[in-house]
Amino acid sequence: MAFYLLSFHGALVGFTGQRLHPLCPTMGTNRTTAPVALDMQHNTLTPGGAFVRAQPLGTAAHTRPLVALRAGNAYLSSRSPTQFDVVPLCATWEHFLLIPPESADLLRTLLRSTWHDGQTFVGQPTCTGHELRLGPHTWPVEQLQAEIRADTLTLWTHAAPRRVTLRVCPSRALENLIENVTELLEIGAFRHALSPWATVDDVREQVLKLSITPSAIAPCIGLAQLCCQFGQGELAAQFAAYAQSFAQIADLVWLQALIALRLHDHDRAADLLALALRERYPRHDFSDTLPALLTRLRQGEDALLLIPDMLYEHDLPGFDERFDTLLVPMRLAASNGPDIRQIYAMLFENAYQRLNTTKDLRLLETEARLNGLSWWTETAMGHTSWLAGLMAEADAHYAIARRLALQEGAMPAPDNTGIFSWLGAQECRQLASRAVPDRTGVSRWEWQFGRAEVAPALCLVFACDSAHFHLLPGLILSLLQAYRQDRSFGPVQLCIGVANPNAEQLAFLRTIADWLELYATSLRLSFGHGPAAEQDTALEPALRYLILPDIVARFRCPVLTGDCAGYFPANTATLLRTLKNTASYGFDLPLFDHQNGRQHSGTPWSIGTDTAYFGEPERLPAIAAFMNDYLNTVYTPRSRAHTAMDRCALAQMLRHFILPRWNELSIRFLNKGPDILVMPAGSVATSTVLVSQADVLHDLAVHTPRRPAKLPPPNA
């Protein structure tokens, strides 16, 4: 029987052109290159036997079938893994292991591939020291037994009978998947993605990664997502299932559920969802909410969209957010309830905000193709048109979005609630041509104007309702303290409007106004009060603009409006003087280009309202009338929709009165530079009382001038 000779470094003894050399077991043979074989019966080597002989090493120290190759006093040595040498000694590197041809074939099979041991990737085996090593396993090469079935290879030895089953990588299943996706690339099946999240190059990249590293699971997961986004749902499911077979994690089950939903296989999506929740949260009880969701899912609703909110309500972390791109855009089931449509709309709004203009258009086109006309698509189309300078188109989209949202009873995300309060350019132009009824009731308020010996240099305008009156003492006290430090700015008129005040609140304002008239030289308080149509939190931010007509009719000077939650810094006089001397107007415009007044992102009503400065007194009556008419036109009592009407009114005032004259005016960006009005943290601004009415009254008492004591008569 003939045996091959295996070197210490795992190479066969090869023969090419009268030359002995290491021959890798994976290399092929031909007429000129062949492995040297030893005929045990005749102890002859073929080829090469003419000048070298095999010397058995079967001693007590060497129980394995080892031989040395000797010619005279020289031994063939495999000290180097890439070439043989001749040495005068016979040590470890000069020992060659005899293996039958079938063992060489097994080595070739093992060394040509990489392998999985169960779910663990163990890579490519190595052969050194006449032993095969793979992962944690080591086998003597001559003892190795094998059984091959399709993609699996089972190994054992008689000395170690425990069988190890290996799976080749890439398996035939993976090769078929790669072949399928490659064919789709070749025929151009990935021309149009059903979402803005994917491109053909993304697919190519993942295929390249997988072809180089077929053991990696991440490219399989990526291809599952990408194929689903390109409408290849079945192939996506196969990639996801393959990844799941090697990575038993709940997020991959969730991915498979999402793919099933995109394939409209709601029953399978329900089964996978239940499995994903069991694996991710094995100890949590969802019996209060999950059965109803699963029922809705099996009945054809896209109830998978409700799972993130369910997890949030249970105070649990959600599934991998990377897979959320499979939810938007997606063809919605006709049977979906309002809650599912509302969640989808929110996801769509979030997706739109994360994208750039090019991808925005792909998102809008795809969403419209999948689900037709909707208030969320029309809102986003309005934003895109607005930022492109297509104002008329934007107005039309917002009008459609408002109508659809009201019909559906939907509530957009906070950034998009402006659609309910937005008037188009044509509607805004008509405001001055007709009488607008006072829906808010502010025009009927009673005013107490502080007497001023000279015209004020500036009016500071604030307004609130009685529920937030607790913010005013801090504002007033900060202004008093600032003006004690520096009165150089000139006379200032503080104007405050309060909706539905109580007697104590009115008494406090009267006390302040009277004290300022008696003892202050450059500061006066005027205040108005009365009932509002409704005790409406949506109306309160607009009150400062609704009281402007009364104020500008009384005082012909620049106006600074502000939020009652703010307070004035110590250097207020310097800040106001700089503002008045350098700016025609001042607005909080974080999303505007300073040079040309163009908005580069956001929504039309993405404008800050904490402070605004109007520095042209001659134009203020028209501006005040416009904003008053605008707010009374869009306001509807008891409506929860008008949460952004103050920002819409300010944005349209900017559009009609400021932007056409942008290059003529000096506009101060109040979001840049030092704050004229400092706004505290949200929790402090809304609830915490830092300064009380008593604190302000105490401050006034401390700073009330004392009359000098009467001197006694000279002769007393």
# chains A, B, ... in the order shown; residues from 1 in each chain; ligands from 1
>>> residues_around(residues="A:Leu305", least_positions_apart="5", cutoff="9 Å", atoms="only C-alpha atoms", output="list in words")
Leu327, Ile340, Ile343 and Tyr344 of chain A
>>> residues_around(residues="stretch 177-190 of chain A", least_positions_apart="2", cutoff="8 Å", atoms="only C-alpha atoms", output="tab-separated table (two decimals) with all heavy atoms, in the first residue's frame")
chain	number	residue	atom	x	y	z
A	173	ALA	N	-26.39	27.00	0.91
A	173	ALA	CA	-27.53	27.92	1.07
A	173	ALA	C	-27.08	29.36	0.91
A	173	ALA	O	-27.73	30.17	0.22
A	173	ALA	CB	-28.17	27.71	2.44
A	174	LEU	N	-25.94	29.71	1.53
A	174	LEU	CA	-25.45	31.07	1.41
A	174	LEU	C	-24.97	31.36	-0.01
A	174	LEU	O	-25.19	32.45	-0.55
A	174	LEU	CB	-24.31	31.32	2.41
A	174	LEU	CG	-23.72	32.73	2.41
A	174	LEU	CD1	-24.80	33.77	2.68
A	174	LEU	CD2	-22.60	32.84	3.43
A	175	GLU	N	-24.31	30.41	-0.62
A	175	GLU	CA	-23.87	30.61	-2.00
A	175	GLU	C	-25.06	30.86	-2.91
A	175	GLU	O	-25.00	31.70	-3.82
A	175	GLU	CB	-23.08	29.39	-2.47
A	175	GLU	CG	-21.69	29.30	-1.85
A	175	GLU	CD	-20.93	28.09	-2.34
A	175	GLU	OE1	-21.59	27.12	-2.79
A	175	GLU	OE2	-19.69	28.08	-2.26
A	192	HIS	N	-35.15	50.88	-8.52
A	192	HIS	CA	-35.93	51.84	-7.74
A	192	HIS	C	-36.17	51.27	-6.35
A	192	HIS	O	-36.85	50.26	-6.19
A	192	HIS	CB	-37.27	52.14	-8.41
A	192	HIS	CG	-37.12	52.71	-9.79
A	192	HIS	ND1	-36.63	53.97	-10.02
A	192	HIS	CD2	-37.39	52.18	-11.01
A	192	HIS	CE1	-36.61	54.19	-11.33
A	192	HIS	NE2	-37.06	53.12	-11.95
A	193	ALA	N	-35.65	51.98	-5.36
A	193	ALA	CA	-35.89	51.57	-3.98
A	193	ALA	C	-37.26	52.05	-3.54
A	193	ALA	O	-37.75	53.09	-3.97
A	193	ALA	CB	-34.82	52.15	-3.05
A	200	VAL	N	-28.46	51.23	-4.87
A	200	VAL	CA	-27.89	50.01	-5.45
A	200	VAL	C	-26.47	49.80	-4.94
A	200	VAL	O	-26.04	48.67	-4.69
A	200	VAL	CB	-27.91	50.09	-6.99
A	200	VAL	CG1	-27.29	48.84	-7.59
A	200	VAL	CG2	-29.33	50.26	-7.48
A	204	ARG	N	-24.45	46.48	-3.39
A	204	ARG	CA	-23.15	45.99	-3.88
A	204	ARG	C	-22.13	45.91	-2.75
A	204	ARG	O	-21.34	44.96	-2.66
A	204	ARG	CB	-22.63	46.92	-4.98
A	204	ARG	CG	-23.46	46.92	-6.26
A	204	ARG	CD	-22.71	47.62	-7.37
A	204	ARG	NE	-23.48	47.68	-8.59
A	204	ARG	CZ	-24.13	48.76	-9.03
A	204	ARG	NH1	-24.07	49.88	-8.33
A	204	ARG	NH2	-24.80	48.73	-10.15
A	207	VAL	N	-22.79	42.85	-0.60
A	207	VAL	CA	-22.43	41.61	-1.31
A	207	VAL	C	-20.91	41.45	-1.33
A	207	VAL	O	-20.38	40.34	-1.14
A	207	VAL	CB	-22.99	41.63	-2.74
A	207	VAL	CG1	-22.48	40.42	-3.53
A	207	VAL	CG2	-24.52	41.62	-2.71
A	211	SER	N	-18.90	38.35	0.23
A	211	SER	CA	-18.08	37.48	-0.61
A	211	SER	C	-16.67	37.33	-0.05
A	211	SER	O	-16.04	36.29	-0.21
A	211	SER	CB	-18.03	38.03	-2.03
A	211	SER	OG	-17.31	39.26	-2.07
A	230	PHE	N	-36.01	47.20	-1.27
A	230	PHE	CA	-36.11	47.20	-2.73
A	230	PHE	C	-37.26	46.33	-3.23
A	230	PHE	O	-37.37	46.08	-4.43
A	230	PHE	CB	-34.80	46.70	-3.34
A	230	PHE	CG	-33.77	47.78	-3.51
A	230	PHE	CD1	-32.76	47.95	-2.59
A	230	PHE	CD2	-33.82	48.63	-4.60
A	230	PHE	CE1	-31.81	48.94	-2.74
A	230	PHE	CE2	-32.88	49.63	-4.77
A	230	PHE	CZ	-31.87	49.79	-3.84
A	235	LEU	N	-36.46	37.18	-0.76
A	235	LEU	CA	-35.01	37.07	-0.60
A	235	LEU	C	-34.58	37.67	0.72
A	235	LEU	O	-33.68	37.15	1.39
A	235	LEU	CB	-34.32	37.76	-1.78
A	235	LEU	CG	-32.79	37.60	-1.86
A	235	LEU	CD1	-32.40	36.13	-1.91
A	235	LEU	CD2	-32.26	38.34	-3.08
A	238	GLN	N	-35.12	35.20	3.45
A	238	GLN	CA	-34.12	34.13	3.44
A	238	GLN	C	-32.80	34.59	4.06
A	238	GLN	O	-32.16	33.85	4.82
A	238	GLN	CB	-33.90	33.65	2.01
A	238	GLN	CG	-35.11	32.96	1.40
A	238	GLN	CD	-34.91	32.64	-0.08
A	238	GLN	OE1	-33.81	32.33	-0.52
A	238	GLN	NE2	-35.98	32.74	-0.85
A	239	PHE	N	-32.37	35.81	3.75
A	239	PHE	CA	-31.15	36.34	4.36
A	239	PHE	C	-31.32	36.47	5.87
A	239	PHE	O	-30.41	36.15	6.64
A	239	PHE	CB	-30.80	37.70	3.76
A	239	PHE	CG	-29.89	37.63	2.56
A	239	PHE	CD1	-30.35	37.99	1.31
A	239	PHE	CD2	-28.58	37.19	2.70
A	239	PHE	CE1	-29.52	37.93	0.20
A	239	PHE	CE2	-27.74	37.12	1.59
A	239	PHE	CZ	-28.21	37.49	0.34
>>> residues_around(residues="stretch 671-673 of chain A", least_positions_apart="6", cutoff="9 Å", atoms="only C-alpha atoms", output="ChimeraX atom specification")
/A:587-590,608
>>> closest_atom_pairs(of="stretch 11-30 of chain A", to="stretch 36-56 of chain A", cutoff="7 Å", atoms="only C-alpha atoms", output="JSON lines")
{"residue": "A:Val13", "atom": "CA", "partner": "A:Val36", "partner_atom": "CA", "distance": 5.6}
{"residue": "A:Gly14", "atom": "CA", "partner": "A:Val36", "partner_atom": "CA", "distance": 5.4}
{"residue": "A:Phe15", "atom": "CA", "partner": "A:Val36", "partner_atom": "CA", "distance": 6.3}
>>> select_by_dssp(residues="stretch 533-634 of chain A", states="helix (DSSP H, G or I)", output="VMD selection string")
chain A and resid 540 to 546 548 to 554 572 to 582 617 to 634
>>> residues_around(residues="A:Gly566", least_positions_apart="6", cutoff="8 Å", atoms="only C-alpha atoms", output="list in words")
Leu475, Leu677, Val678, Met679, Pro680 and Ala685 of chain A
>>> select_by_dssp(residues="stretch 2-93 of chain A", states="strand (DSSP E)", output="ChimeraX atom specification")
/A:2-6,12-16,19-23,33-35,37-39,44-46,53-56,66-71,74-77,85-87
>>> residues_around(residues="A:Val454", least_positions_apart="5", cutoff="12 Å", atoms="only C-alpha atoms", output="JSON, numbers by chain")
{"A": [490, 491, 492, 493, 521, 522, 523, 524, 555, 556, 557]}
>>> write_last_selection(atoms="N, CA and C atoms", output="PDB file, in the first residue's frame")
ATOM      1  N   GLY A 490     -32.716 105.445  29.200  1.00  0.00           N
ATOM      2  CA  GLY A 490     -33.813 106.379  28.991  1.00  0.00           C
ATOM      3  C   GLY A 490     -35.108 105.784  29.497  1.00  0.00           C
ATOM      4  N   PRO A 491     -36.199 106.521  29.372  1.00  0.00           N
ATOM      5  CA  PRO A 491     -37.477 106.049  29.909  1.00  0.00           C
ATOM      6  C   PRO A 491     -37.978 104.793  29.184  1.00  0.00           C
ATOM      7  N   VAL A 492     -38.441 103.873  29.967  1.00  0.00           N
ATOM      8  CA  VAL A 492     -38.939 102.599  29.454  1.00  0.00           C
ATOM      9  C   VAL A 492     -40.345 102.381  29.981  1.00  0.00           C
ATOM     10  N   GLN A 493     -41.219 101.924  29.112  1.00  0.00           N
ATOM     11  CA  GLN A 493     -42.595 101.611  29.482  1.00  0.00           C
ATOM     12  C   GLN A 493     -42.746 100.085  29.507  1.00  0.00           C
ATOM     13  N   THR A 521     -37.699 107.170  38.071  1.00  0.00           N
ATOM     14  CA  THR A 521     -37.513 108.268  37.134  1.00  0.00           C
ATOM     15  C   THR A 521     -37.577 107.825  35.683  1.00  0.00           C
ATOM     16  N   SER A 522     -37.255 106.551  35.400  1.00  0.00           N
ATOM     17  CA  SER A 522     -37.148 106.135  33.994  1.00  0.00           C
ATOM     18  C   SER A 522     -37.910 104.859  33.684  1.00  0.00           C
ATOM     19  N   LEU A 523     -38.763 104.406  34.583  1.00  0.00           N
ATOM     20  CA  LEU A 523     -39.480 103.154  34.368  1.00  0.00           C
ATOM     21  C   LEU A 523     -40.930 103.330  34.778  1.00  0.00           C
ATOM     22  N   ARG A 524     -41.845 102.932  33.879  1.00  0.00           N
ATOM     23  CA  ARG A 524     -43.271 103.002  34.163  1.00  0.00           C
ATOM     24  C   ARG A 524     -43.914 101.661  33.816  1.00  0.00           C
ATOM     25  N   PHE A 555     -48.326 104.472  22.588  1.00  0.00           N
ATOM     26  CA  PHE A 555     -46.920 104.865  22.639  1.00  0.00           C
ATOM     27  C   PHE A 555     -46.297 104.716  21.256  1.00  0.00           C
ATOM     28  N   ARG A 556     -45.683 105.765  20.767  1.00  0.00           N
ATOM     29  CA  ARG A 556     -45.000 105.732  19.479  1.00  0.00           C
ATOM     30  C   ARG A 556     -43.504 105.546  19.725  1.00  0.00           C
ATOM     31  N   CYS A 557     -43.103 104.304  19.893  1.00  0.00           N
ATOM     32  CA  CYS A 557     -41.700 103.984  20.158  1.00  0.00           C
ATOM     33  C   CYS A 557     -41.445 102.534  19.773  1.00  0.00           C
TER      34      CYS A 557
END
>>> closest_residue(among="A:Ala150, A:Leu6, A:Ala565, A:Ala34", to="A:Leu132", atoms="only C-alpha atoms")
A:Leu6
>>> residues_around(residues="stretch 356-366 of chain A", least_positions_apart="4", cutoff="9 Å", atoms="only C-alpha atoms", output="number ranges by chain")
A: 193-197, 328-330, 348, 351-352, 370-371, 377-378, 380-381, 384
>>> write_last_selection(atoms="N, CA, C and O atoms", output="PDB file, in the first residue's frame")
ATOM      1  N   ALA A 193     -35.646  51.984  -5.357  1.00  0.00           N
ATOM      2  CA  ALA A 193     -35.890  51.570  -3.975  1.00  0.00           C
ATOM      3  C   ALA A 193     -37.265  52.050  -3.537  1.00  0.00           C
ATOM      4  O   ALA A 193     -37.747  53.087  -3.974  1.00  0.00           O
ATOM      5  N   LEU A 194     -37.902  51.287  -2.677  1.00  0.00           N
ATOM      6  CA  LEU A 194     -39.184  51.682  -2.108  1.00  0.00           C
ATOM      7  C   LEU A 194     -39.000  52.495  -0.850  1.00  0.00           C
ATOM      8  O   LEU A 194     -39.909  52.604  -0.037  1.00  0.00           O
ATOM      9  N   SER A 195     -37.822  53.043  -0.646  1.00  0.00           N
ATOM     10  CA  SER A 195     -37.568  53.944   0.471  1.00  0.00           C
ATOM     11  C   SER A 195     -36.350  54.774   0.137  1.00  0.00           C
ATOM     12  O   SER A 195     -35.574  54.431  -0.747  1.00  0.00           O
ATOM     13  N   PRO A 196     -36.178  55.889   0.829  1.00  0.00           N
ATOM     14  CA  PRO A 196     -34.992  56.718   0.559  1.00  0.00           C
ATOM     15  C   PRO A 196     -33.754  56.215   1.264  1.00  0.00           C
ATOM     16  O   PRO A 196     -32.693  56.834   1.173  1.00  0.00           O
ATOM     17  N   TRP A 197     -33.875  55.123   1.974  1.00  0.00           N
ATOM     18  CA  TRP A 197     -32.767  54.669   2.811  1.00  0.00           C
ATOM     19  C   TRP A 197     -31.748  53.849   2.033  1.00  0.00           C
ATOM     20  O   TRP A 197     -30.659  53.596   2.553  1.00  0.00           O
ATOM     21  N   VAL A 328     -41.067  52.821   7.337  1.00  0.00           N
ATOM     22  CA  VAL A 328     -41.407  54.034   6.586  1.00  0.00           C
ATOM     23  C   VAL A 328     -40.434  54.191   5.430  1.00  0.00           C
ATOM     24  O   VAL A 328     -39.220  54.167   5.645  1.00  0.00           O
ATOM     25  N   PRO A 329     -40.956  54.366   4.205  1.00  0.00           N
ATOM     26  CA  PRO A 329     -42.370  54.271   3.821  1.00  0.00           C
ATOM     27  C   PRO A 329     -42.797  52.830   3.616  1.00  0.00           C
ATOM     28  O   PRO A 329     -41.983  51.980   3.253  1.00  0.00           O
ATOM     29  N   MET A 330     -44.076  52.576   3.849  1.00  0.00           N
ATOM     30  CA  MET A 330     -44.620  51.227   3.739  1.00  0.00           C
ATOM     31  C   MET A 330     -46.079  51.352   3.322  1.00  0.00           C
ATOM     32  O   MET A 330     -46.782  52.263   3.776  1.00  0.00           O
ATOM     33  N   PHE A 348     -43.290  58.825   9.926  1.00  0.00           N
ATOM     34  CA  PHE A 348     -42.990  59.496   8.662  1.00  0.00           C
ATOM     35  C   PHE A 348     -42.419  60.887   8.913  1.00  0.00           C
ATOM     36  O   PHE A 348     -41.441  61.299   8.267  1.00  0.00           O
ATOM     37  N   ALA A 351     -38.907  60.568   9.997  1.00  0.00           N
ATOM     38  CA  ALA A 351     -38.048  60.186   8.873  1.00  0.00           C
ATOM     39  C   ALA A 351     -37.760  61.392   7.994  1.00  0.00           C
ATOM     40  O   ALA A 351     -36.620  61.607   7.562  1.00  0.00           O
ATOM     41  N   TYR A 352     -38.768  62.193   7.727  1.00  0.00           N
ATOM     42  CA  TYR A 352     -38.588  63.370   6.873  1.00  0.00           C
ATOM     43  C   TYR A 352     -37.574  64.339   7.480  1.00  0.00           C
ATOM     44  O   TYR A 352     -36.741  64.920   6.772  1.00  0.00           O
ATOM     45  N   LEU A 370     -47.254  54.860  -2.566  1.00  0.00           N
ATOM     46  CA  LEU A 370     -47.725  53.732  -1.760  1.00  0.00           C
ATOM     47  C   LEU A 370     -49.080  53.998  -1.109  1.00  0.00           C
ATOM     48  O   LEU A 370     -49.935  53.112  -1.066  1.00  0.00           O
ATOM     49  N   ASN A 371     -49.264  55.211  -0.571  1.00  0.00           N
ATOM     50  CA  ASN A 371     -50.440  55.455   0.272  1.00  0.00           C
ATOM     51  C   ASN A 371     -51.318  56.600  -0.207  1.00  0.00           C
ATOM     52  O   ASN A 371     -52.289  56.948   0.478  1.00  0.00           O
ATOM     53  N   THR A 377     -48.037  63.513   4.284  1.00  0.00           N
ATOM     54  CA  THR A 377     -47.300  63.740   3.040  1.00  0.00           C
ATOM     55  C   THR A 377     -47.461  65.185   2.579  1.00  0.00           C
ATOM     56  O   THR A 377     -46.486  65.823   2.153  1.00  0.00           O
ATOM     57  N   GLU A 378     -48.684  65.703   2.655  1.00  0.00           N
ATOM     58  CA  GLU A 378     -48.916  67.083   2.236  1.00  0.00           C
ATOM     59  C   GLU A 378     -48.149  68.063   3.114  1.00  0.00           C
ATOM     60  O   GLU A 378     -47.635  69.077   2.632  1.00  0.00           O
ATOM     61  N   ALA A 380     -45.257  67.493   4.635  1.00  0.00           N
ATOM     62  CA  ALA A 380     -43.856  67.421   4.230  1.00  0.00           C
ATOM     63  C   ALA A 380     -43.638  68.078   2.865  1.00  0.00           C
ATOM     64  O   ALA A 380     -42.621  68.745   2.638  1.00  0.00           O
ATOM     65  N   MET A 381     -44.594  67.894   1.939  1.00  0.00           N
ATOM     66  CA  MET A 381     -44.475  68.558   0.634  1.00  0.00           C
ATOM     67  C   MET A 381     -44.507  70.073   0.802  1.00  0.00           C
ATOM     68  O   MET A 381     -43.814  70.813   0.085  1.00  0.00           O
ATOM     69  N   THR A 384     -41.026  71.144   1.931  1.00  0.00           N
ATOM     70  CA  THR A 384     -40.065  71.087   0.827  1.00  0.00           C
ATOM     71  C   THR A 384     -40.271  72.259  -0.130  1.00  0.00           C
ATOM     72  O   THR A 384     -39.302  72.890  -0.580  1.00  0.00           O
TER      73      THR A 384
END
>>> atom_distance(atom1="atom CA of A:Pro549", atom2="atom CA of A:Trp422")
21.3 Å
>>> atom_distance(atom1="atom CA of A:Ser421", atom2="atom CA of A:Met645")
5.0 Å
